[in-house]
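Visitor: Below is the file model_6.txt, which contains compact mmCIF, C-alpha atoms.
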# COMPACT_ATOMS: atom_id res chain seq x y z
CA GLU A 5 -23.93 4.86 -16.74
CA MET A 6 -20.41 4.95 -15.22
CA SER A 7 -17.72 2.71 -16.72
CA ARG A 8 -16.02 0.12 -14.55
CA GLU A 9 -12.81 2.18 -14.36
CA ALA A 10 -14.71 5.40 -13.53
CA GLU A 11 -16.64 3.56 -10.82
CA TRP A 12 -13.38 2.21 -9.37
CA ASP A 13 -11.70 5.66 -9.43
CA ALA A 14 -14.71 7.16 -7.63
CA PHE A 15 -14.57 4.41 -5.02
CA MET A 16 -10.82 4.91 -4.46
CA LEU A 17 -11.24 8.69 -4.16
CA LYS A 18 -13.90 8.23 -1.50
CA ALA A 19 -11.85 5.57 0.29
CA ILE A 20 -8.71 7.73 0.68
CA LYS A 21 -10.66 10.78 1.89
CA PRO A 22 -12.31 9.55 5.07
CA GLY A 23 -13.95 11.88 7.55
CA GLU A 24 -16.08 14.04 5.26
CA ASP A 25 -19.29 12.83 6.94
CA ASP A 26 -17.77 12.37 10.40
CA ASP A 27 -19.37 15.52 11.84
CA ASP A 28 -22.88 14.38 10.99
CA GLU A 29 -22.15 10.88 12.27
CA ASP A 30 -20.65 12.27 15.49
CA GLU A 31 -23.76 14.38 16.09
CA GLU A 32 -25.97 11.33 15.50
CA ASP A 33 -23.80 9.28 17.86
CA ASP A 34 -24.03 12.01 20.52
CA ASP A 35 -27.82 12.11 20.18
CA GLU A 36 -27.99 8.32 20.47
CA GLU A 37 -25.76 8.40 23.58
CA ASP A 38 -27.96 11.10 25.17
CA ASP A 39 -31.08 9.04 24.46
CA GLU A 40 -29.44 5.94 25.94
CA ASN A 41 -28.37 7.88 29.05
CA GLU A 42 -31.90 9.24 29.53
CA GLU A 43 -33.39 5.77 29.13
CA GLY A 44 -30.82 4.42 31.60
CA ASP A 45 -31.77 7.05 34.17
CA LYS A 46 -35.44 6.19 33.76
CA ASP A 47 -34.70 2.49 34.21
CA GLU A 48 -32.79 3.18 37.42
CA ASP A 49 -35.64 5.33 38.81
CA GLU A 50 -38.24 2.69 37.96
CA GLY A 51 -36.05 -0.04 39.48
CA SER A 52 -35.69 1.84 42.75
CA THR A 53 -39.43 2.51 43.16
CA ASP A 54 -40.83 -0.75 41.85
CA ASN A 55 -40.32 -3.43 44.51
CA ASN A 56 -43.09 -5.74 43.31
CA ASN A 57 -40.95 -7.51 40.75
CA SER A 58 -39.14 -10.51 42.10
CA GLU A 59 -36.19 -9.96 39.75
CA SER A 60 -34.61 -6.56 39.45
CA PRO A 61 -32.76 -5.64 36.21
CA PRO A 62 -28.98 -5.99 36.50
CA GLU A 63 -26.97 -2.81 36.77
CA LYS A 64 -25.11 -1.81 33.64
CA GLU A 65 -21.37 -2.12 34.01
CA GLU A 66 -19.31 0.58 32.40
CA LEU A 67 -17.38 -0.80 29.43
CA SER A 68 -13.62 -0.60 29.63
CA LEU A 69 -11.60 1.31 27.05
CA ALA A 70 -10.39 -1.97 25.51
CA ALA A 71 -13.96 -3.25 25.17
CA ARG A 72 -15.09 -0.03 23.52
CA CYS A 73 -12.14 -0.18 21.10
CA ASP A 74 -12.87 -3.82 20.25
CA LYS A 75 -16.44 -2.87 19.35
CA PHE A 76 -15.15 -0.90 16.37
CA MET A 77 -11.74 -2.47 15.73
CA LEU A 78 -12.79 -6.11 15.37
CA PRO A 79 -15.28 -5.48 12.52
CA TRP A 80 -12.62 -3.38 10.78
CA ILE A 81 -10.04 -6.17 11.09
CA GLY A 82 -12.58 -8.65 9.76
CA CYS A 83 -13.25 -6.40 6.78
CA ILE A 84 -9.52 -6.13 6.02
CA GLN A 85 -9.13 -9.91 6.15
CA GLU A 86 -12.08 -10.41 3.83
CA HIS A 87 -11.04 -7.73 1.32
CA ARG A 88 -7.24 -7.79 1.41
CA ASN A 89 -6.79 -6.77 -2.23
CA ILE A 90 -9.10 -3.77 -2.01
CA TYR A 91 -7.34 -2.57 1.15
CA SER A 92 -3.95 -2.99 -0.57
CA LEU A 93 -5.06 -0.65 -3.36
CA ILE A 94 -6.56 1.79 -0.85
CA SER A 95 -3.33 1.75 1.16
CA ASN A 96 -1.24 2.42 -1.97
CA ALA A 97 -3.47 5.35 -2.96
CA PHE A 98 -3.24 6.80 0.56
CA TYR A 99 0.57 6.54 0.82
CA GLN A 100 1.04 7.94 -2.66
CA LYS A 101 -0.90 11.08 -1.73
CA ASP A 102 0.51 11.37 1.78
CA TYR A 103 4.14 10.27 1.28
CA ILE A 104 5.42 9.45 -2.22
CA ASP A 105 4.09 12.43 -4.22
CA PRO A 106 5.12 15.08 -1.64
CA LEU A 107 8.59 13.51 -1.45
CA GLU A 108 8.93 13.57 -5.24
CA ASP A 109 7.88 17.22 -5.34
CA THR A 110 10.85 18.20 -3.16
CA ILE A 111 13.35 16.84 -5.71
CA SER A 112 14.47 19.19 -8.45
CA GLU A 113 14.45 18.00 -12.07
CA SER A 114 18.25 18.18 -12.23
CA LEU A 115 18.45 15.49 -9.51
CA LYS A 116 16.14 13.04 -11.34
CA LYS A 117 18.14 10.51 -13.36
CA PRO A 118 17.43 7.26 -15.22
CA PHE A 119 18.91 4.01 -13.97
CA ALA A 120 21.99 3.35 -16.07
CA LYS A 121 22.04 0.28 -18.29
CA ASN A 122 25.25 -1.61 -18.98
CA ASN A 123 24.63 -3.67 -22.10
CA ALA A 124 27.74 -5.74 -21.46
CA GLU A 125 26.27 -7.45 -18.41
CA ILE A 126 22.66 -6.30 -18.08
CA GLY A 127 19.75 -6.96 -20.40
CA GLU A 128 16.36 -8.58 -20.67
CA MET A 129 15.85 -12.22 -19.72
CA ASP A 130 12.98 -13.69 -21.80
CA GLY A 131 11.02 -10.48 -21.29
CA TYR A 132 9.94 -11.27 -17.72
CA VAL A 133 13.10 -10.27 -15.80
CA MET A 134 14.38 -6.78 -16.59
CA LYS A 135 17.76 -5.72 -15.26
CA PHE A 136 19.14 -2.23 -14.86
CA THR A 137 22.09 -0.94 -12.87
CA GLY A 138 20.56 -0.59 -9.42
CA VAL A 139 17.26 -2.42 -9.95
CA GLU A 140 15.99 -5.77 -11.22
CA ILE A 141 12.28 -6.32 -11.99
CA ASP A 142 10.98 -9.89 -11.71
CA LEU A 143 7.65 -10.63 -13.44
CA GLY A 144 7.76 -14.40 -12.94
CA ASN A 145 4.30 -14.57 -11.38
CA TRP A 146 2.90 -12.51 -14.23
CA ARG A 147 4.35 -15.00 -16.71
CA GLU A 148 2.57 -17.86 -14.90
CA HIS A 149 -0.68 -15.88 -15.06
CA VAL A 150 -0.26 -15.24 -18.80
CA GLU A 151 0.61 -18.88 -19.55
CA ALA A 152 -2.32 -20.19 -17.47
CA ASP A 153 -4.70 -17.79 -19.19
CA ALA A 154 -3.39 -18.82 -22.61
CA ASP A 155 -4.00 -22.49 -21.76
CA ASP A 156 -7.54 -21.72 -20.59
CA ASN A 157 -8.31 -19.77 -23.74
CA GLY A 158 -6.84 -22.54 -25.86
CA ASN A 159 -9.17 -25.06 -24.24
CA GLY A 160 -12.15 -22.78 -24.77
CA SER A 161 -12.76 -22.35 -21.07
CA PHE A 162 -13.27 -18.59 -21.30
CA GLU A 163 -15.49 -17.66 -24.21
CA GLU A 164 -16.97 -14.49 -22.76
CA GLU A 165 -16.48 -12.92 -19.39
CA THR A 166 -19.62 -12.79 -17.27
CA PRO A 167 -20.30 -9.24 -16.04
CA PRO A 168 -20.14 -8.83 -12.26
CA THR A 169 -23.40 -8.97 -10.34
CA ILE A 170 -22.26 -6.47 -7.70
CA PRO A 171 -21.00 -2.90 -8.18
CA MET A 172 -17.55 -3.56 -6.72
CA GLU A 173 -15.93 -6.98 -6.58
CA GLU A 174 -12.66 -8.02 -5.02
CA PRO A 175 -9.96 -7.19 -7.61
CA HIS A 176 -7.56 -9.87 -8.79
CA LEU A 177 -3.91 -8.92 -8.10
CA ILE A 178 -0.68 -10.54 -9.30
CA ASN A 179 2.36 -10.20 -7.05
CA ALA A 180 5.63 -9.07 -8.64
CA TYR A 181 9.00 -8.06 -7.23
CA ALA A 182 11.70 -5.47 -7.78
CA LYS A 183 15.14 -5.75 -6.20
CA PHE A 184 16.79 -2.37 -5.48
CA ARG A 185 20.32 -1.46 -4.48
CA LEU A 186 20.11 -0.03 -0.96
CA THR A 187 22.93 2.50 -1.40
CA ASP A 188 23.55 4.98 -4.18
CA PRO A 189 26.67 3.70 -6.01
CA SER A 190 27.80 7.23 -6.87
CA SER A 191 27.41 8.80 -3.42
CA GLY A 192 27.17 5.85 -1.03
CA GLN A 193 24.06 7.41 0.56
CA PRO A 194 21.28 5.05 1.75
CA ILE A 195 17.96 4.59 0.02
CA GLU A 196 14.96 6.50 1.36
CA VAL A 197 12.19 4.64 -0.47
CA ALA A 198 11.70 2.45 -3.54
CA TYR A 199 8.42 2.10 -5.40
CA ILE A 200 6.65 1.00 -8.59
CA LYS A 201 4.06 2.94 -10.62
CA ASP A 202 1.82 1.93 -13.51
CA GLN A 203 1.29 3.67 -16.85
CA LYS A 204 -1.06 6.20 -15.22
CA GLY A 205 1.34 7.08 -12.43
CA ARG A 206 -0.59 5.09 -9.79
CA LEU A 207 1.43 3.53 -6.97
CA LEU A 208 1.52 -0.29 -7.15
CA GLY A 209 3.82 -0.90 -4.16
CA PHE A 210 6.64 0.65 -2.13
CA ASP A 211 9.18 -0.17 0.58
CA SER A 212 11.53 1.91 2.73
CA PHE A 213 13.41 -1.21 3.96
CA THR A 214 13.40 -0.05 7.59
CA LYS A 215 13.03 -3.60 8.95
CA ARG A 216 16.02 -4.74 6.94
CA ASP A 217 18.12 -1.79 8.18
CA ASN A 218 17.22 -2.50 11.82
CA GLY A 219 18.09 -6.14 11.39
CA ALA A 220 21.46 -5.27 9.90
CA GLU A 221 22.23 -2.90 12.77
CA ASN A 222 21.43 -5.58 15.33
CA LYS A 223 23.73 -8.01 13.59
CA ASP A 224 26.57 -5.52 13.38
CA ASP A 225 26.31 -4.88 17.13
CA ASP A 226 27.41 -8.44 17.80
CA GLU A 227 31.09 -8.12 16.93
CA ASN A 228 31.96 -11.54 18.33
CA ASP A 229 29.65 -13.42 15.99
CA GLY A 230 31.49 -13.50 12.67
CA GLU A 231 28.76 -15.35 10.82
CA LYS A 232 26.09 -12.78 11.70
CA SER A 233 28.35 -9.88 10.86
CA ALA A 234 29.20 -11.43 7.50
CA ALA A 235 25.56 -12.14 6.74
CA ALA A 236 24.68 -8.50 7.32
CA THR A 237 27.10 -7.38 4.60
CA VAL A 238 26.51 -10.13 2.03
CA SER A 239 23.66 -8.40 0.21
CA ASN A 240 23.22 -4.73 -0.46
CA ASP A 241 19.85 -5.28 -2.13
CA GLY A 242 16.29 -4.95 -0.86
CA GLU A 243 13.18 -6.50 -2.40
CA CYS A 244 10.03 -4.46 -2.97
CA THR A 245 6.73 -6.27 -3.57
CA PHE A 246 4.13 -4.69 -5.84
CA HIS A 247 0.80 -5.70 -7.37
CA ILE A 248 -0.21 -5.92 -11.03
CA VAL A 249 -3.92 -5.47 -11.77
CA PRO A 250 -4.91 -7.64 -14.77
CA GLY A 251 -6.95 -5.68 -17.28
CA GLU A 252 -5.73 -2.33 -15.93
CA THR A 253 -1.93 -2.43 -15.65
CA THR A 254 -0.26 -2.29 -19.07
CA SER A 255 3.22 -1.03 -18.15
CA ILE A 256 5.30 -0.29 -15.06
CA ALA A 257 8.25 1.86 -14.01
CA ALA A 258 10.56 1.49 -11.00
CA TYR A 259 11.73 4.42 -8.86
CA ALA A 260 14.24 4.83 -6.03
CA ILE A 261 14.93 7.92 -3.93
CA TYR A 262 18.37 8.08 -2.28
CA ARG A 263 19.20 10.50 0.48
CA GLY A 264 21.44 13.42 -0.34
CA GLU A 265 23.56 15.80 1.68
CA ARG A 266 22.06 18.70 3.60
CA LYS A 267 22.75 22.14 2.18
CA GLU A 268 21.81 25.63 3.34
CA ASP A 269 20.21 28.18 1.09
CA GLU A 270 20.83 31.95 1.12
CA GLU A 271 18.47 32.35 4.07
CA GLY A 272 20.29 29.72 6.10
CA VAL A 273 17.55 27.12 5.81
CA SER A 274 18.95 23.59 5.74
CA ALA A 275 17.38 21.06 3.35
CA ARG A 276 18.40 17.64 2.10
CA GLU A 277 18.96 17.26 -1.64
CA ASP A 278 17.76 13.76 -2.47
CA PHE A 279 18.30 11.94 -5.78
CA LEU A 280 15.57 10.16 -7.75
CA TYR A 281 16.44 7.31 -10.10
CA HIS A 282 13.89 5.70 -12.41
CA THR A 283 13.57 3.16 -15.20
CA PRO A 284 11.77 3.80 -18.49
CA GLU A 285 8.26 2.44 -18.78
CA VAL A 286 8.38 -1.34 -19.08
CA PRO A 287 5.43 -2.84 -21.03
CA LEU A 288 4.00 -6.00 -19.50
CA PRO A 289 4.82 -8.85 -21.87
CA GLY A 290 2.34 -11.45 -23.04
CA GLY A 291 -1.29 -10.35 -23.07
CA CYS A 292 -1.15 -7.42 -20.64
CA ASN A 293 -4.76 -6.50 -21.29
CA GLN A 294 -6.23 -9.74 -20.04
CA LYS A 295 -8.84 -9.48 -17.33
CA LYS A 296 -8.20 -12.61 -15.30
Rewrite the structure from the file as structure tokens, please.
Guide:
Amino acid sequence: EMSREAEWDAFMLKAIKPGEDDDDEDEEDDDEEDDENEEGDKDEDEGSTDNNNSESPPEKEELSLAARCDKFMLPWIGCIQEHRNIYSLISNAFYQKDYIDPLEDTISESLKKPFAKNNAEIGEMDGYVMKFTGVEIDLGNWREHVEADADDNGNGSFEEETPPTIPMEEPHLINAYAKFRLTDPSSGQPIEVAYIKDQKGRLLGFDSFTKRDNGAENKDDDENDGEKSAAATVSNDGECTFHIVPGETTSIAAYAIYRGERKEDEEGVSAREDFLYHTPEVPLPGGCNQKK
């Protein structure tokens, strides 16, 4: 019998590799469409020859492209709304495979550096806010979860956890935040992407801050509005939201990739040499192995 974690990993692997059975489904759909077309032709022939019926069947109107899209899109949107947490994990797994991991692979080991820590002004704040030069991790929501769970256990509310009655239930996620510096202090180059991983290297959340950059550019375009221009330069930080999975996430690490300069190799091929900064693994304080 598969463990809960093995069952979840198998589900995630299947979810991020869609299309394996598409050919068979497409063939079935084509057969169904052919059958429907044949039945439609028969109905039209019968309708033209049979004049005894007082009411003739209405002619089928051809569905518009929007109507055909809605037929498949609306159920999908409803599923996303009903299972937001599952889709968040699926999305993270997809972007890790399609975007984060390939980007990391292009960075040489010599360009991967830890975030510096200045003990004079940066340290840990009660274990739930960790500060490094270039990134600050805020686990305030996790602290509330731990304290609430401790109160429940103290009152005897949770003696034993009831096993789930369905193979896959909606996972419980705790939101957390990491604030990243949007420019590399050593080079002044902008950030490409910031992200958080758990102890197994799984992506918990990421952000490329494109909306923030576009907003800043729009504000800078208005040279006559001093307040907007000042607001665009007040903060050089961007906030990345990530999700902690109670019972699975035991530690986290923050990463930021900053763009580097383009250089040509011996063959004249131009490539950008990006820099990767990272924190050490940060254990989740206060009962990190709790389920809910």
Visitor: Quick one: everything within 8 Å of range 78-91 of chain A, counting all atoms listed in the file, minus sequence neighbours fewer than 5 positions away in the same chain. Send it as a PyMOL selection string.
Guide: chain A and resi 174-177
Visitor: Considering only C-alpha atoms, can you say which of A:Glu113, A:Glu270, A:Asp188, A:Asp153 comes closest to Pro250 in chain A?
Guide: A:Asp153
Visitor: Report the distance between CA of Phe98 in chain A and CA of Arg185 in chain A in Å, rounded to one decimal place.
Guide: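 So the answer is 25.5 Å.
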Visitor: So which one's closest to Val249 in chain A, A:Gly138, A:Leu207, A:Ile104, A:Asp74? Using all atoms listed in the file, please.
Guide: A:Leu207
Visitor: Please measure the separation of CA of Arg147 in chain A and CA of Pro289 in chain A, giving the value in Å to one decimal.
Guide: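 CA of Pro289 in chain A lies at a distance of 8.0 Å from CA of Arg147 in chain A.
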Visitor: For CA of Thr254 in chain A and CA of His149 in chain A, determine how far apart the two atoms are, in Å to one decimal place.
Guide: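 A separation of 14.2 Å between them.
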Visitor: Compare A:Lys267, A:Lys135, A:Lys204, A:His247 by their minimum atom-to-atom distance to Thr283 in chain A, counting all atoms listed in the file, and give me the closest one.
Guide: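 Selected residue with least distance to Thr283 in chain A: A:Lys135.
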